[in-house]
Structures are given as C-alpha cells and as structure tokens.
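Source file upload.json; content: JSON, C-alpha atoms and all ligand atoms.
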[["chain", "number", "residue", "atom", "x", "y", "z"],
["N", 25, "MET", "CA", 134.27, 104.65, 106.56],
["N", 26, "SER", "CA", 132.24, 107.72, 107.35],
["N", 27, "PHE", "CA", 129.36, 108.83, 105.20],
["N", 28, "GLN", "CA", 126.99, 111.77, 104.91],
["N", 29, "TYR", "CA", 124.06, 110.17, 103.10],
["N", 30, "LEU", "CA", 124.39, 106.58, 104.29],
["N", 31, "LYS", "CA", 124.19, 105.11, 107.77],
["N", 32, "THR", "CA", 126.12, 101.92, 108.27],
["N", 33, "ALA", "CA", 126.07, 99.34, 111.04],
["N", 34, "GLU", "CA", 126.87, 95.70, 111.67],
["N", 35, "ILE", "CA", 124.59, 93.16, 113.30],
["N", 36, "GLY", "CA", 126.70, 90.05, 113.71],
["N", 37, "ALA", "CA", 127.79, 89.00, 110.22],
["N", 38, "VAL", "CA", 125.22, 91.27, 108.54],
["N", 39, "GLY", "CA", 126.25, 94.70, 107.29],
["N", 40, "VAL", "CA", 123.38, 97.16, 107.39],
["N", 41, "VAL", "CA", 123.48, 100.12, 105.01],
["N", 42, "THR", "CA", 120.69, 102.67, 105.18],
["N", 43, "LEU", "CA", 119.98, 105.42, 102.65],
["N", 44, "ASP", "CA", 119.78, 108.47, 104.90],
["N", 45, "ARG", "CA", 118.42, 111.31, 102.79],
["N", 46, "ALA", "CA", 114.76, 110.99, 103.66],
["N", 47, "SER", "CA", 114.13, 114.76, 103.37],
["N", 48, "LYS", "CA", 114.78, 114.30, 99.61],
["N", 49, "ARG", "CA", 113.03, 110.92, 99.54],
["N", 50, "ASN", "CA", 116.46, 109.31, 99.28],
["N", 51, "ALA", "CA", 116.96, 110.68, 95.76],
["N", 52, "ILE", "CA", 120.42, 109.75, 94.53],
["N", 53, "ASP", "CA", 122.75, 112.63, 93.74],
["N", 54, "GLU", "CA", 126.41, 112.28, 92.78],
["N", 55, "ALA", "CA", 127.58, 112.39, 96.40],
["N", 56, "THR", "CA", 125.15, 109.65, 97.48],
["N", 57, "LEU", "CA", 126.13, 107.48, 94.52],
["N", 58, "ALA", "CA", 129.82, 107.87, 95.39],
["N", 59, "GLU", "CA", 129.08, 106.74, 98.95],
["N", 60, "ILE", "CA", 127.11, 103.71, 97.73],
["N", 61, "GLU", "CA", 130.02, 102.73, 95.50],
["N", 62, "GLU", "CA", 132.51, 103.22, 98.32],
["N", 63, "TYR", "CA", 130.51, 101.09, 100.76],
["N", 64, "PHE", "CA", 130.04, 98.20, 98.34],
["N", 65, "SER", "CA", 133.68, 98.38, 97.19],
["N", 66, "SER", "CA", 135.16, 97.80, 100.61],
["N", 67, "VAL", "CA", 132.94, 95.41, 102.53],
["N", 68, "PRO", "CA", 135.00, 93.84, 105.31],
["N", 69, "ASP", "CA", 135.66, 90.08, 105.15],
["N", 70, "HIS", "CA", 133.63, 89.30, 108.26],
["N", 71, "ILE", "CA", 130.42, 90.61, 106.63],
["N", 72, "LYS", "CA", 128.58, 87.69, 105.01],
["N", 73, "ALA", "CA", 125.36, 89.41, 103.89],
["N", 74, "ILE", "CA", 124.19, 93.00, 103.53],
["N", 75, "LEU", "CA", 120.82, 94.51, 104.38],
["N", 76, "LEU", "CA", 120.09, 97.57, 102.21],
["N", 77, "LYS", "CA", 117.30, 99.76, 103.52],
["N", 78, "ALA", "CA", 116.18, 103.39, 103.63],
["N", 79, "GLU", "CA", 115.06, 105.98, 106.15],
["N", 80, "GLY", "CA", 111.61, 107.55, 105.82],
["N", 81, "GLU", "CA", 108.44, 106.57, 104.04],
["N", 82, "HIS", "CA", 110.05, 106.02, 100.63],
["N", 83, "PHE", "CA", 112.87, 103.70, 99.66],
["N", 84, "CYS", "CA", 114.22, 105.88, 96.86],
["N", 85, "ALA", "CA", 112.87, 108.53, 94.46],
["N", 86, "GLY", "CA", 115.59, 107.81, 91.87],
["N", 87, "LEU", "CA", 117.88, 110.30, 90.20],
["N", 88, "ASP", "CA", 118.22, 113.61, 92.04],
["N", 89, "LEU", "CA", 116.24, 115.73, 89.57],
["N", 90, "LYS", "CA", 117.19, 119.02, 91.23],
["N", 91, "GLU", "CA", 120.90, 118.33, 90.80],
["N", 92, "HIS", "CA", 120.24, 117.15, 87.23],
["N", 93, "PHE", "CA", 118.34, 120.36, 86.48],
["N", 94, "ASP", "CA", 120.92, 122.64, 88.10],
["N", 95, "LYS", "CA", 123.89, 120.99, 86.39],
["N", 96, "LYS", "CA", 122.40, 121.12, 82.87],
["N", 97, "ARG", "CA", 124.53, 118.09, 82.02],
["N", 98, "THR", "CA", 125.74, 117.59, 78.46],
["N", 99, "PRO", "CA", 125.00, 114.20, 76.85],
["N", 100, "VAL", "CA", 128.55, 113.03, 77.53],
["N", 101, "GLU", "CA", 128.46, 114.27, 81.13],
["N", 102, "PHE", "CA", 125.21, 112.42, 81.79],
["N", 103, "MET", "CA", 126.52, 109.28, 80.10],
["N", 104, "ARG", "CA", 129.51, 109.38, 82.47],
["N", 105, "VAL", "CA", 127.22, 109.88, 85.47],
["N", 106, "CYS", "CA", 125.19, 106.87, 84.39],
["N", 107, "GLN", "CA", 128.32, 104.78, 83.89],
["N", 108, "GLY", "CA", 129.02, 105.58, 87.53],
["N", 109, "TRP", "CA", 125.59, 104.19, 88.45],
["N", 110, "HIS", "CA", 126.38, 101.04, 86.42],
["N", 111, "ARG", "CA", 129.70, 100.66, 88.24],
["N", 112, "ALA", "CA", 128.22, 101.15, 91.71],
["N", 113, "PHE", "CA", 125.24, 98.84, 91.13],
["N", 114, "ASP", "CA", 127.48, 96.18, 89.54],
["N", 115, "LYS", "CA", 129.38, 96.15, 92.83],
["N", 116, "ILE", "CA", 126.08, 95.40, 94.56],
["N", 117, "GLN", "CA", 125.04, 92.64, 92.17],
["N", 118, "PHE", "CA", 128.41, 91.02, 91.55],
["N", 119, "GLY", "CA", 130.40, 91.89, 94.68],
["N", 120, "GLY", "CA", 130.14, 88.30, 95.88],
["N", 121, "ILE", "CA", 128.07, 89.08, 98.99],
["N", 122, "PRO", "CA", 124.28, 88.57, 99.09],
["N", 123, "VAL", "CA", 122.36, 91.85, 99.32],
["N", 124, "ILE", "CA", 118.85, 91.87, 100.78],
["N", 125, "ALA", "CA", 116.86, 95.04, 100.07],
["N", 126, "CYS", "CA", 114.05, 96.19, 102.33],
["N", 127, "LEU", "CA", 111.59, 98.37, 100.41],
["N", 128, "GLN", "CA", 108.85, 100.79, 101.35],
["N", 129, "GLY", "CA", 106.89, 103.52, 99.59],
["N", 130, "ALA", "CA", 108.28, 104.77, 96.29],
["N", 131, "VAL", "CA", 110.78, 102.51, 94.54],
["N", 132, "VAL", "CA", 110.88, 104.53, 91.36],
["N", 133, "GLY", "CA", 113.22, 105.29, 88.49],
["N", 134, "GLY", "CA", 116.77, 104.92, 89.73],
["N", 135, "GLY", "CA", 115.34, 103.61, 93.02],
["N", 136, "LEU", "CA", 114.00, 100.60, 91.15],
["N", 137, "GLU", "CA", 117.34, 100.25, 89.41],
["N", 138, "LEU", "CA", 119.02, 100.16, 92.81],
["N", 139, "ALA", "CA", 116.55, 97.60, 94.15],
["N", 140, "SER", "CA", 116.98, 95.50, 90.98],
["N", 141, "ALA", "CA", 120.69, 95.10, 91.76],
["N", 142, "ALA", "CA", 119.88, 93.44, 95.11],
["N", 143, "HIS", "CA", 119.48, 89.66, 95.27],
["N", 144, "VAL", "CA", 116.46, 89.44, 97.57],
["N", 145, "ARG", "CA", 113.77, 92.11, 97.83],
["N", 146, "VAL", "CA", 111.47, 92.29, 100.86],
["N", 147, "ALA", "CA", 108.66, 94.83, 100.51],
["N", 148, "ASP", "CA", 106.53, 96.55, 103.09],
["N", 149, "VAL", "CA", 102.92, 96.62, 101.92],
["N", 150, "SER", "CA", 103.28, 100.40, 101.27],
["N", 151, "THR", "CA", 105.77, 99.73, 98.46],
["N", 152, "TYR", "CA", 105.07, 100.69, 94.87],
["N", 153, "PHE", "CA", 107.17, 100.65, 91.73],
["N", 154, "ALA", "CA", 107.31, 102.92, 88.67],
["N", 155, "LEU", "CA", 109.58, 103.98, 85.83],
["N", 156, "PRO", "CA", 108.53, 107.63, 85.25],
["N", 157, "GLU", "CA", 111.56, 108.56, 83.12],
["N", 158, "GLY", "CA", 109.41, 109.24, 80.04],
["N", 159, "THR", "CA", 107.41, 111.84, 81.92],
["N", 160, "ARG", "CA", 110.66, 113.58, 82.90],
["N", 161, "GLY", "CA", 112.07, 113.55, 79.37],
["N", 162, "ILE", "CA", 114.92, 111.22, 80.24],
["N", 163, "PHE", "CA", 115.66, 107.48, 80.00],
["N", 164, "THR", "CA", 116.87, 104.84, 82.40],
["N", 165, "GLY", "CA", 120.57, 105.12, 83.16],
["N", 166, "GLY", "CA", 121.15, 102.99, 86.24],
["N", 167, "GLY", "CA", 120.90, 99.59, 84.60],
["N", 168, "ALA", "CA", 117.13, 99.03, 84.36],
["N", 169, "THR", "CA", 117.27, 97.96, 80.71],
["N", 170, "VAL", "CA", 119.48, 95.10, 81.86],
["N", 171, "ARG", "CA", 118.52, 94.28, 85.44],
["N", 172, "THR", "CA", 114.86, 95.34, 85.74],
["N", 173, "ALA", "CA", 114.01, 94.07, 82.25],
["N", 174, "ARG", "CA", 115.36, 90.66, 83.17],
["N", 175, "ILE", "CA", 113.14, 90.58, 86.24],
["N", 176, "VAL", "CA", 109.85, 91.73, 84.71],
["N", 177, "SER", "CA", 110.63, 90.92, 81.01],
["N", 178, "ALA", "CA", 111.60, 93.48, 78.38],
["N", 179, "PRO", "CA", 108.05, 93.92, 77.01],
["N", 180, "ARG", "CA", 106.69, 94.57, 80.52],
["N", 181, "MET", "CA", 109.40, 97.16, 81.15],
["N", 182, "VAL", "CA", 108.55, 98.88, 77.87],
["N", 183, "GLU", "CA", 104.91, 99.01, 78.96],
["N", 184, "MET", "CA", 105.82, 100.32, 82.43],
["N", 185, "MET", "CA", 107.98, 103.05, 80.90],
["N", 186, "LEU", "CA", 105.54, 104.06, 78.19],
["N", 187, "THR", "CA", 102.66, 104.39, 80.64],
["N", 188, "GLY", "CA", 104.72, 105.53, 83.65],
["N", 189, "ARG", "CA", 102.07, 103.74, 85.70],
["N", 190, "ILE", "CA", 102.27, 102.74, 89.34],
["N", 191, "VAL", "CA", 102.81, 99.02, 89.91],
["N", 192, "ASP", "CA", 101.42, 98.26, 93.35],
["N", 193, "VAL", "CA", 103.11, 95.88, 95.76],
["N", 194, "HIS", "CA", 100.88, 92.95, 94.85],
["N", 195, "GLU", "CA", 101.54, 93.23, 91.12],
["N", 196, "GLY", "CA", 105.21, 93.88, 91.92],
["N", 197, "HIS", "CA", 105.24, 90.63, 93.89],
["N", 198, "ARG", "CA", 103.76, 88.73, 90.98],
["N", 199, "LEU", "CA", 106.34, 90.25, 88.61],
["N", 200, "GLY", "CA", 109.28, 89.39, 90.86],
["N", 201, "LEU", "CA", 110.06, 92.99, 91.87],
["N", 202, "ALA", "CA", 109.38, 91.88, 95.44],
["N", 203, "HIS", "CA", 110.13, 88.35, 96.58],
["N", 204, "HIS", "CA", 108.34, 88.75, 99.90],
["N", 205, "VAL", "CA", 105.63, 91.16, 101.04],
["N", 206, "CYS", "CA", 105.14, 92.02, 104.69],
["N", 207, "ASP", "CA", 101.79, 93.35, 105.83],
["N", 208, "PRO", "CA", 101.74, 93.82, 109.61],
["N", 209, "ALA", "CA", 97.93, 94.34, 109.41],
["N", 210, "ARG", "CA", 97.54, 90.66, 108.58],
["N", 211, "GLY", "CA", 100.02, 89.59, 111.25],
["N", 212, "ASP", "CA", 103.23, 89.61, 109.22],
["N", 213, "MET", "CA", 106.49, 90.67, 110.78],
["N", 214, "PRO", "CA", 107.53, 94.26, 109.89],
["N", 215, "ALA", "CA", 109.49, 94.20, 106.63],
["N", 216, "ALA", "CA", 112.70, 95.47, 108.23],
["N", 217, "GLU", "CA", 112.66, 92.68, 110.83],
["N", 218, "PHE", "CA", 111.88, 90.02, 108.28],
["N", 219, "ALA", "CA", 114.58, 91.30, 105.92],
["N", 220, "LEU", "CA", 117.13, 91.22, 108.75],
["N", 221, "GLU", "CA", 116.10, 87.69, 109.67],
["N", 222, "LEU", "CA", 116.51, 86.63, 106.05],
["N", 223, "ALA", "CA", 119.90, 88.34, 105.87],
["N", 224, "GLN", "CA", 121.04, 86.52, 109.00],
["N", 225, "LYS", "CA", 119.89, 83.17, 107.60],
["N", 226, "ILE", "CA", 121.64, 83.84, 104.28],
["N", 227, "ALA", "CA", 124.81, 84.91, 106.16],
["N", 228, "GLY", "CA", 124.82, 81.42, 107.69],
["N", 229, "ASN", "CA", 125.28, 79.69, 104.31],
["N", 230, "ALA", "CA", 128.78, 78.67, 103.30],
["N", 231, "PRO", "CA", 130.40, 81.88, 101.97],
["N", 232, "LEU", "CA", 131.72, 80.20, 98.82],
["N", 233, "SER", "CA", 128.25, 78.84, 98.01],
["N", 234, "ASN", "CA", 126.81, 82.35, 98.41],
["N", 235, "TYR", "CA", 129.62, 83.74, 96.26],
["N", 236, "ALA", "CA", 128.77, 81.26, 93.50],
["N", 237, "MET", "CA", 125.06, 82.09, 93.67],
["N", 238, "VAL", "CA", 125.40, 85.85, 93.43],
["N", 239, "THR", "CA", 128.24, 85.99, 90.92],
["N", 240, "SER", "CA", 127.51, 83.12, 88.54],
["N", 241, "ILE", "CA", 123.77, 82.52, 88.11],
["N", 242, "SER", "CA", 122.95, 85.81, 86.38],
["N", 243, "ARG", "CA", 126.06, 85.54, 84.23],
["N", 244, "ILE", "CA", 125.36, 81.93, 83.25],
["N", 245, "ALA", "CA", 121.83, 82.98, 82.25],
["N", 246, "ASP", "CA", 123.50, 85.14, 79.56],
["N", 247, "MET", "CA", 125.53, 82.21, 78.17],
["N", 248, "SER", "CA", 124.74, 79.53, 75.64],
["N", 249, "THR", "CA", 123.73, 76.13, 77.05],
["N", 250, "THR", "CA", 127.13, 74.62, 76.40],
["N", 251, "ASP", "CA", 129.04, 77.57, 77.88],
["N", 252, "GLY", "CA", 126.68, 77.72, 80.84],
["N", 253, "LEU", "CA", 127.14, 74.06, 81.71],
["N", 254, "PHE", "CA", 130.91, 74.47, 81.38],
["N", 255, "ALA", "CA", 130.85, 77.53, 83.67],
["N", 256, "GLU", "CA", 128.65, 75.71, 86.19],
["N", 257, "GLY", "CA", 131.16, 72.84, 86.27],
["N", 258, "LEU", "CA", 133.99, 75.25, 86.96],
["N", 259, "MET", "CA", 131.95, 77.03, 89.64],
["N", 260, "ILE", "CA", 131.13, 73.87, 91.54],
["N", 261, "ALA", "CA", 134.79, 72.88, 91.45],
["N", 262, "VAL", "CA", 135.66, 76.20, 93.07],
["N", 263, "VAL", "CA", 132.95, 75.79, 95.72],
["N", 264, "GLN", "CA", 134.12, 72.22, 96.37],
["N", 265, "SER", "CA", 137.55, 73.62, 97.27],
["N", 266, "GLY", "CA", 136.03, 75.31, 100.33],
["N", 267, "ASP", "CA", 136.84, 73.86, 103.72],
["N", 268, "GLU", "CA", 133.19, 73.83, 104.84],
["N", 269, "VAL", "CA", 132.01, 71.10, 102.43],
["N", 270, "GLN", "CA", 133.16, 68.12, 104.48],
["N", 271, "GLN", "CA", 131.98, 69.70, 107.71],
["N", 272, "ARG", "CA", 128.49, 70.59, 106.48],
["N", 273, "VAL", "CA", 127.88, 67.41, 104.49],
["N", 274, "GLY", "CA", 129.33, 65.46, 107.43],
["N", 275, "GLU", "CA", 126.77, 67.01, 109.78],
["N", 276, "PHE", "CA", 124.00, 65.74, 107.53],
["N", 277, "VAL", "CA", 125.54, 62.27, 107.26],
["N", 278, "ALA", "CA", 125.82, 62.19, 111.06],
["N", 279, "LYS", "CA", 122.12, 63.16, 111.25],
["N", 280, "LYS", "CA", 122.99, 66.42, 113.03],
["N", 281, "ALA", "CA", 121.83, 68.84, 110.32],
["N", 282, "ALA", "CA", 118.32, 70.22, 109.81],
["N", 283, "LYS", "CA", 116.30, 68.39, 107.16],
["N", 284, "VAL", "CA", 114.76, 70.21, 104.22],
["N", 285, "LYS", "CA", 111.16, 69.85, 105.37],
["N", 286, "PRO", "CA", 108.47, 72.50, 105.94],
["N", 287, "ASP", "CA", 108.31, 71.74, 109.65],
["N", 288, "SER", "CA", 112.03, 71.17, 110.27],
["N", 289, "GLY", "CA", 113.02, 74.75, 111.06],
["N", 290, "ALA", "CA", 115.36, 74.72, 108.06],
["N", 291, "GLY", "CA", 113.47, 77.53, 106.35],
["N", 292, "LEU", "CA", 111.82, 80.74, 107.45],
["N", 293, "ALA", "CA", 108.12, 81.13, 106.97],
["N", 294, "PRO", "CA", 108.21, 83.80, 104.29],
["N", 295, "GLN", "CA", 105.60, 86.51, 104.17],
["N", 296, "ARG", "CA", 104.19, 85.52, 100.81],
["N", 297, "LEU", "CA", 100.95, 86.72, 99.39],
["N", 298, "PRO", "CA", 98.79, 84.07, 97.80],
["N", 299, "GLY", "CA", 98.71, 83.91, 93.99],
["B", 301, "LIG", "C1", 113.47, 115.03, 95.08],
["B", 301, "LIG", "C2", 113.19, 113.89, 94.32],
["B", 301, "LIG", "C3", 114.05, 113.58, 93.24],
["B", 301, "LIG", "C4", 111.70, 114.07, 95.86],
["B", 301, "LIG", "N1", 115.08, 114.42, 93.02],
["B", 301, "LIG", "N2", 114.50, 115.83, 94.81],
["B", 301, "LIG", "N3", 112.17, 110.32, 90.06],
["B", 301, "LIG", "C5", 110.92, 110.80, 90.05],
["B", 301, "LIG", "O1", 110.40, 111.26, 89.06],
["B", 301, "LIG", "C6", 110.20, 110.81, 91.37],
["B", 301, "LIG", "C7", 110.05, 112.24, 91.87],
["B", 301, "LIG", "N4", 109.54, 112.29, 93.25],
["B", 301, "LIG", "C8", 108.21, 112.12, 93.52],
["B", 301, "LIG", "O2", 107.39, 111.80, 92.68],
["B", 301, "LIG", "C9", 107.81, 112.36, 94.94],
["B", 301, "LIG", "O3", 108.76, 113.22, 95.55],
["B", 301, "LIG", "C10", 107.67, 111.06, 95.80],
["B", 301, "LIG", "C11", 106.45, 110.28, 95.32],
["B", 301, "LIG", "C12", 108.91, 110.19, 95.72],
["B", 301, "LIG", "C13", 107.47, 111.46, 97.29],
["B", 301, "LIG", "O4", 106.39, 112.36, 97.40],
["B", 301, "LIG", "P1", 106.21, 113.21, 98.77],
["B", 301, "LIG", "O5", 104.94, 113.98, 98.62],
["B", 301, "LIG", "O6", 106.36, 112.30, 99.93],
["B", 301, "LIG", "O7", 107.48, 114.19, 98.82],
["B", 301, "LIG", "P2", 107.77, 115.55, 98.00],
["B", 301, "LIG", "O8", 107.12, 116.70, 98.69],
["B", 301, "LIG", "O9", 107.46, 115.38, 96.55],
["B", 301, "LIG", "O10", 109.34, 115.64, 98.10],
["B", 301, "LIG", "C14", 110.00, 115.97, 99.32],
["B", 301, "LIG", "C15", 111.31, 116.61, 98.97],
["B", 301, "LIG", "O11", 112.11, 115.66, 98.26],
["B", 301, "LIG", "C16", 111.14, 117.78, 98.02],
["B", 301, "LIG", "O12", 112.20, 118.67, 98.25],
["B", 301, "LIG", "P3", 111.95, 120.05, 99.08],
["B", 301, "LIG", "O13", 113.27, 120.72, 99.09],
["B", 301, "LIG", "O14", 110.87, 120.79, 98.35],
["B", 301, "LIG", "O15", 111.48, 119.61, 100.47],
["B", 301, "LIG", "C17", 111.35, 117.16, 96.66],
["B", 301, "LIG", "O16", 111.75, 118.07, 95.69],
["B", 301, "LIG", "C18", 112.45, 116.18, 96.98],
["B", 301, "LIG", "N5", 112.51, 115.11, 96.02],
["B", 301, "LIG", "N6", 112.08, 113.30, 94.83],
["B", 301, "LIG", "C19", 115.28, 115.49, 93.79],
["B", 301, "LIG", "N7", 113.90, 112.52, 92.49],
["B", 301, "LIG", "C20", 120.32, 107.13, 86.43],
["B", 301, "LIG", "S1", 118.93, 107.64, 85.63],
["B", 301, "LIG", "C21", 117.62, 107.41, 86.71],
["B", 301, "LIG", "C22", 116.41, 108.12, 86.17],
["B", 301, "LIG", "C23", 115.39, 108.37, 87.23],
["B", 301, "LIG", "O17", 115.53, 108.02, 88.37],
["B", 301, "LIG", "S2", 113.98, 109.20, 86.71],
["B", 301, "LIG", "C24", 112.92, 109.15, 88.08],
["B", 301, "LIG", "C25", 113.07, 110.39, 88.94]]
Once you've parsed the file, please lay out its structure as structure tokens.
Amino acid sequence: MSFQYLKTAEIGAVGVVTLDRASKRNAIDEATLAEIEEYFSSVPDHIKAILLKAEGEHFCAGLDLKEHFDKKRTPVEFMRVCQGWHRAFDKIQFGGIPVIACLQGAVVGGGLELASAAHVRVADVSTYFALPEGTRGIFTGGGATVRTARIVSAPRMVEMMLTGRIVDVHEGHRLGLAHHVCDPARGDMPAAEFALELAQKIAGNAPLSNYAMVTSISRIADMSTTDGLFAEGLMIAVVQSGDEVQQRVGEFVAKKAAKVKPDSGAGLAPQRLPG
C-alpha cells in the first residue's frame, strides 16, 4: 500500500499509521479519507494492534473546510461524503483489531469523530477537544452523534456543540475522551511512547479475545439485557474455540503466568491524572 496523506510502518505486531498532512493540520479531505478506509480495510494478519497518530502539533482539524467550500456540495453529495466517513470509521471501530490513538493539540470536529472510533485514547497534555460545527454552519457527519455521544453522553455532546467550547485535556480525561494523559513536565513518558507501549501490550493478548472486545462490547451495549447475555454467550463460545486458551490458562495453572497484582508487572503504570 502506498499513500500520500498517511505514513505507515510496522513495529513488531503493531501497525503504525500516521496522519501526514500537518501543513493543513491533518484536516480530512476526500483523498485522506479514502486512504484511511483503504488502510483499515486491508490490515495484514500479522498486525495485532494499530497505533493511530498524527504529524505536527495537532492531531486533526476535522473536515477539510477548504475542499468543502470549493466543492459547494449539494445535500445529497455531502450525505454521501459523510456515509464514506461512517464506513471508514466503522472499519476502525469494528475491524476486529484494537486501535490505540495518540492525540495532541486540536482534536476537533471530524478529528474528534476519528478519535472516538479508536478503542484507547492516549493524550499529550497539549490535547484539546471541541465540536465547532455550529460555528461553521454544518453538523457532525463522521459519527459523533453515535460514537462521541456514547462516550461523553448525549446531553454533554449537545452542550459541547451548542457552545462550541474548548474541552481541555483534563476535562476530556474526566469525560472519557482521553483514557490516559501524558505530561512529560511531571515525569510522564511522551504520549507517543506510552501509546506504543500500550499497543504492544494489547498486541500480546490472545487475538480472539481482542476481536471479541472490539467487535462485541459496543454492540452488546445497544442490545436488550436478554439479547446481550445471549450474544455474550455466543461470543465466549467463539473465543473458547481459539487454540491459545489451554496454553494461556495452563501457564497460570503451572504458576508460570504473571499475577494480576499492582506490583506483578502484569500491567503498565498508566499516566493517569488524579480525579
Ligand atoms: C484547514 C483546516 C480545516 C486548518 N480544513 N484547512 N474544523 C474546524 O473548524 C477547525 C479549523 N481549524 C482551526 O481552527 C485551526 O486551523 C487549528 C486550531 C486546527 C490550528 O490552528 P493553527 O494556527 O495552528 O493553524 P492555521 O494557520 O489555522 O492553519 C494552517 C493551515 O491549515 C491553513 O492553511 P494555509 O494554506 O493557509 O497554510 C489552514 O487553512 C489549514 N487548515 N484547519 C482545511 N479544517 C464529516 S463532518 C465533520 C465536521 C467538522 O469537522 S467541522 C470542524 C472543522
């Protein structure tokens, strides 16, 4: 695969995809969106987790407003463009491979919609979030009403959109827009390093377990209790069919596996802010 607006690399079992349009603050035009969809549609089997990051001081400034202005899209044309965003970001959320986003600077509009499709969000302390669509005379079209609203709650998203206000990294952390915040000034690892370390740890889980986590939990959350429990039963049966169950459980039974204890090395020390 060769791309113009993305850089791609592999570090062991981690695929690294970098938005590479920093001169336009990584704004997403039709060409960039097509590349995002292509990358997430054809992830090779040996990639077990993906790190999604961006060049420059800003993660993503959202929809390319210049292209939108120049094209004078009709309602139907813009609806089709946005359906393309839904398709591409669905591949991120439901492609079966964990996606860890590393954020910095502006994560706004469609940039927040992109980040909301990732499963784990690591934020540099410079990160901020906003939904300025109202000030531009448009609406969300990259899935925020579904994905971002489920993270922050629908009423909070309404408030963010109505006011167009900046949500700083600390509030974003409290709202779930960032799971981890890295502030090198207080001794934290740089966000990109921490996000890669997390991606490598996640890539070490059993692939079928990861598949179940990223494809079923959000869907089950949309189901009734009875349907959800039924779906969970089916999902664990599928995961149980994997050939790693006996090996991994056997390692624990043989006392060779790490224990789930704060000091056992089983978990990373995440860069969490208090409160
Ligand atoms: C862009 C875009 C863009 C920058 N489309 N070209 N998104 C927004 O409303 C955010 C608009 N952008 C900004 O508020 C600022 O650019 C930033 C806060 C992100 C960065 O500020 P700064 O001072 O670092 O950069 P800049 O000087 O504003 O921008 C540098 C260049 O990037 C400049 O182009 P140049 O040719 O003059 O050098 C900008 O025009 C360009 N640029 N952002 C196009 N968004 C599926 S629906 C989704 C709906 C939405 O996403 S709405 C939210 C849109």
> Do you know which residues are within 9 Å of ligand LIG 301 (chain B) using all atoms listed in the file? Can you write them as an NGL selection string?
Replying inline: :N and (45-53 or 81-92 or 102 or 105-110 or 129-137 or 154-168)
Report as JSON lines: every residue of region 170-241 of chain N with an atom at most 10 Å from region 114-126 of chain N, its closest pair of atoms, and their distance in Å to one decimal, counting all atoms listed in the file, with rows sorted by chain and ascending residue number.
{"residue": "N:Arg171", "atom": "CA", "partner": "N:Gln117", "partner_atom": "CA", "distance": 9.5}
{"residue": "N:Ala202", "atom": "CA", "partner": "N:Ala125", "partner_atom": "CA", "distance": 9.3}
{"residue": "N:His204", "atom": "CA", "partner": "N:Cys126", "partner_atom": "CA", "distance": 9.7}
{"residue": "N:Val205", "atom": "CA", "partner": "N:Cys126", "partner_atom": "CA", "distance": 9.9}
{"residue": "N:Ala215", "atom": "CA", "partner": "N:Cys126", "partner_atom": "CA", "distance": 6.6}
{"residue": "N:Ala216", "atom": "CA", "partner": "N:Cys126", "partner_atom": "CA", "distance": 6.1}
{"residue": "N:Glu217", "atom": "CA", "partner": "N:Cys126", "partner_atom": "CA", "distance": 9.3}
{"residue": "N:Phe218", "atom": "CA", "partner": "N:Cys126", "partner_atom": "CA", "distance": 8.8}
{"residue": "N:Ala219", "atom": "CA", "partner": "N:Cys126", "partner_atom": "CA", "distance": 6.1}
{"residue": "N:Leu220", "atom": "CA", "partner": "N:Ile124", "partner_atom": "CA", "distance": 8.2}
{"residue": "N:Leu222", "atom": "CA", "partner": "N:Ile124", "partner_atom": "CA", "distance": 7.8}
{"residue": "N:Ala223", "atom": "CA", "partner": "N:Ile124", "partner_atom": "CA", "distance": 6.3}
{"residue": "N:Ile226", "atom": "CA", "partner": "N:Pro122", "partner_atom": "CA", "distance": 7.5}
{"residue": "N:Ala227", "atom": "CA", "partner": "N:Pro122", "partner_atom": "CA", "distance": 8.0}
{"residue": "N:Pro231", "atom": "CA", "partner": "N:Ile121", "partner_atom": "CA", "distance": 8.1}
{"residue": "N:Leu232", "atom": "CA", "partner": "N:Gly120", "partner_atom": "CA", "distance": 8.8}
{"residue": "N:Ser233", "atom": "CA", "partner": "N:Gly120", "partner_atom": "CA", "distance": 9.9}
{"residue": "N:Asn234", "atom": "CA", "partner": "N:Pro122", "partner_atom": "CA", "distance": 6.7}
{"residue": "N:Tyr235", "atom": "CA", "partner": "N:Gly120", "partner_atom": "CA", "distance": 4.6}
{"residue": "N:Ala236", "atom": "CA", "partner": "N:Gly120", "partner_atom": "CA", "distance": 7.6}
{"residue": "N:Met237", "atom": "CA", "partner": "N:Gly120", "partner_atom": "CA", "distance": 8.3}
{"residue": "N:Val238", "atom": "CA", "partner": "N:Gly120", "partner_atom": "CA", "distance": 5.9}
{"residue": "N:Thr239", "atom": "CA", "partner": "N:Phe118", "partner_atom": "CA", "distance": 5.1}
{"residue": "N:Ser240", "atom": "CA", "partner": "N:Phe118", "partner_atom": "CA", "distance": 8.5}
> Mind pulling up the distance from CA of Ala73 (chain N) to CA of Asp148 (chain N)?
Replying inline: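 Between CA of Asp148 (chain N) and CA of Ala73 (chain N) the gap is 20.2 Å.
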>> With distances taken over only C-alpha atoms, which residue among N:Lys279, N:Arg145, N:Lys31, N:Lys96 lies nearest Thr56 (chain N)?
In response: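 Nearest candidate to Thr56 (chain N) out of N:Lys279, N:Arg145, N:Lys31, N:Lys96: N:Lys31.
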> Using only C-alpha atoms, which of N:Gly39, N:Thr151, N:Ser248, N:Leu138 sits nearest His194 (chain N)?
Replying inline: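 Smallest separation from His194 (chain N) among the options: N:Thr151.
Atom pair CA of Tyr29 (chain N) / CA of Asp44 (chain N) has a distance of 4.9 Å (rounded to one decimal).
Going from CA of Arg180 (chain N) over to CA of Leu199 (chain N), you cover 9.2 Å.
Counting only C-alpha atoms and comparing N:Ser242, N:Glu59, N:Arg189, N:Ile35, the residue that lies closest to Ala141 (chain N) is N:Ser242.
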> Which neighbours of Gly36 (chain N) fall inside 9 Å, counting only C-alpha atoms, when residues of the same chain fewer than 3 positions from it are skipped, and could you give them as an NGL selection string?
Replying inline: :N and (39 or 70-71 or 224)
Could you write those residues out with C-alpha atoms, as a PDB file, in the coordinates of the input?
ATOM      1  CA  GLY N  39     126.250  94.700 107.290  1.00  0.00           C
ATOM      2  CA  HIS N  70     133.630  89.300 108.260  1.00  0.00           C
ATOM      3  CA  ILE N  71     130.420  90.610 106.630  1.00  0.00           C
ATOM      4  CA  GLN N 224     121.040  86.520 109.000  1.00  0.00           C
TER       5      GLN N 224
END
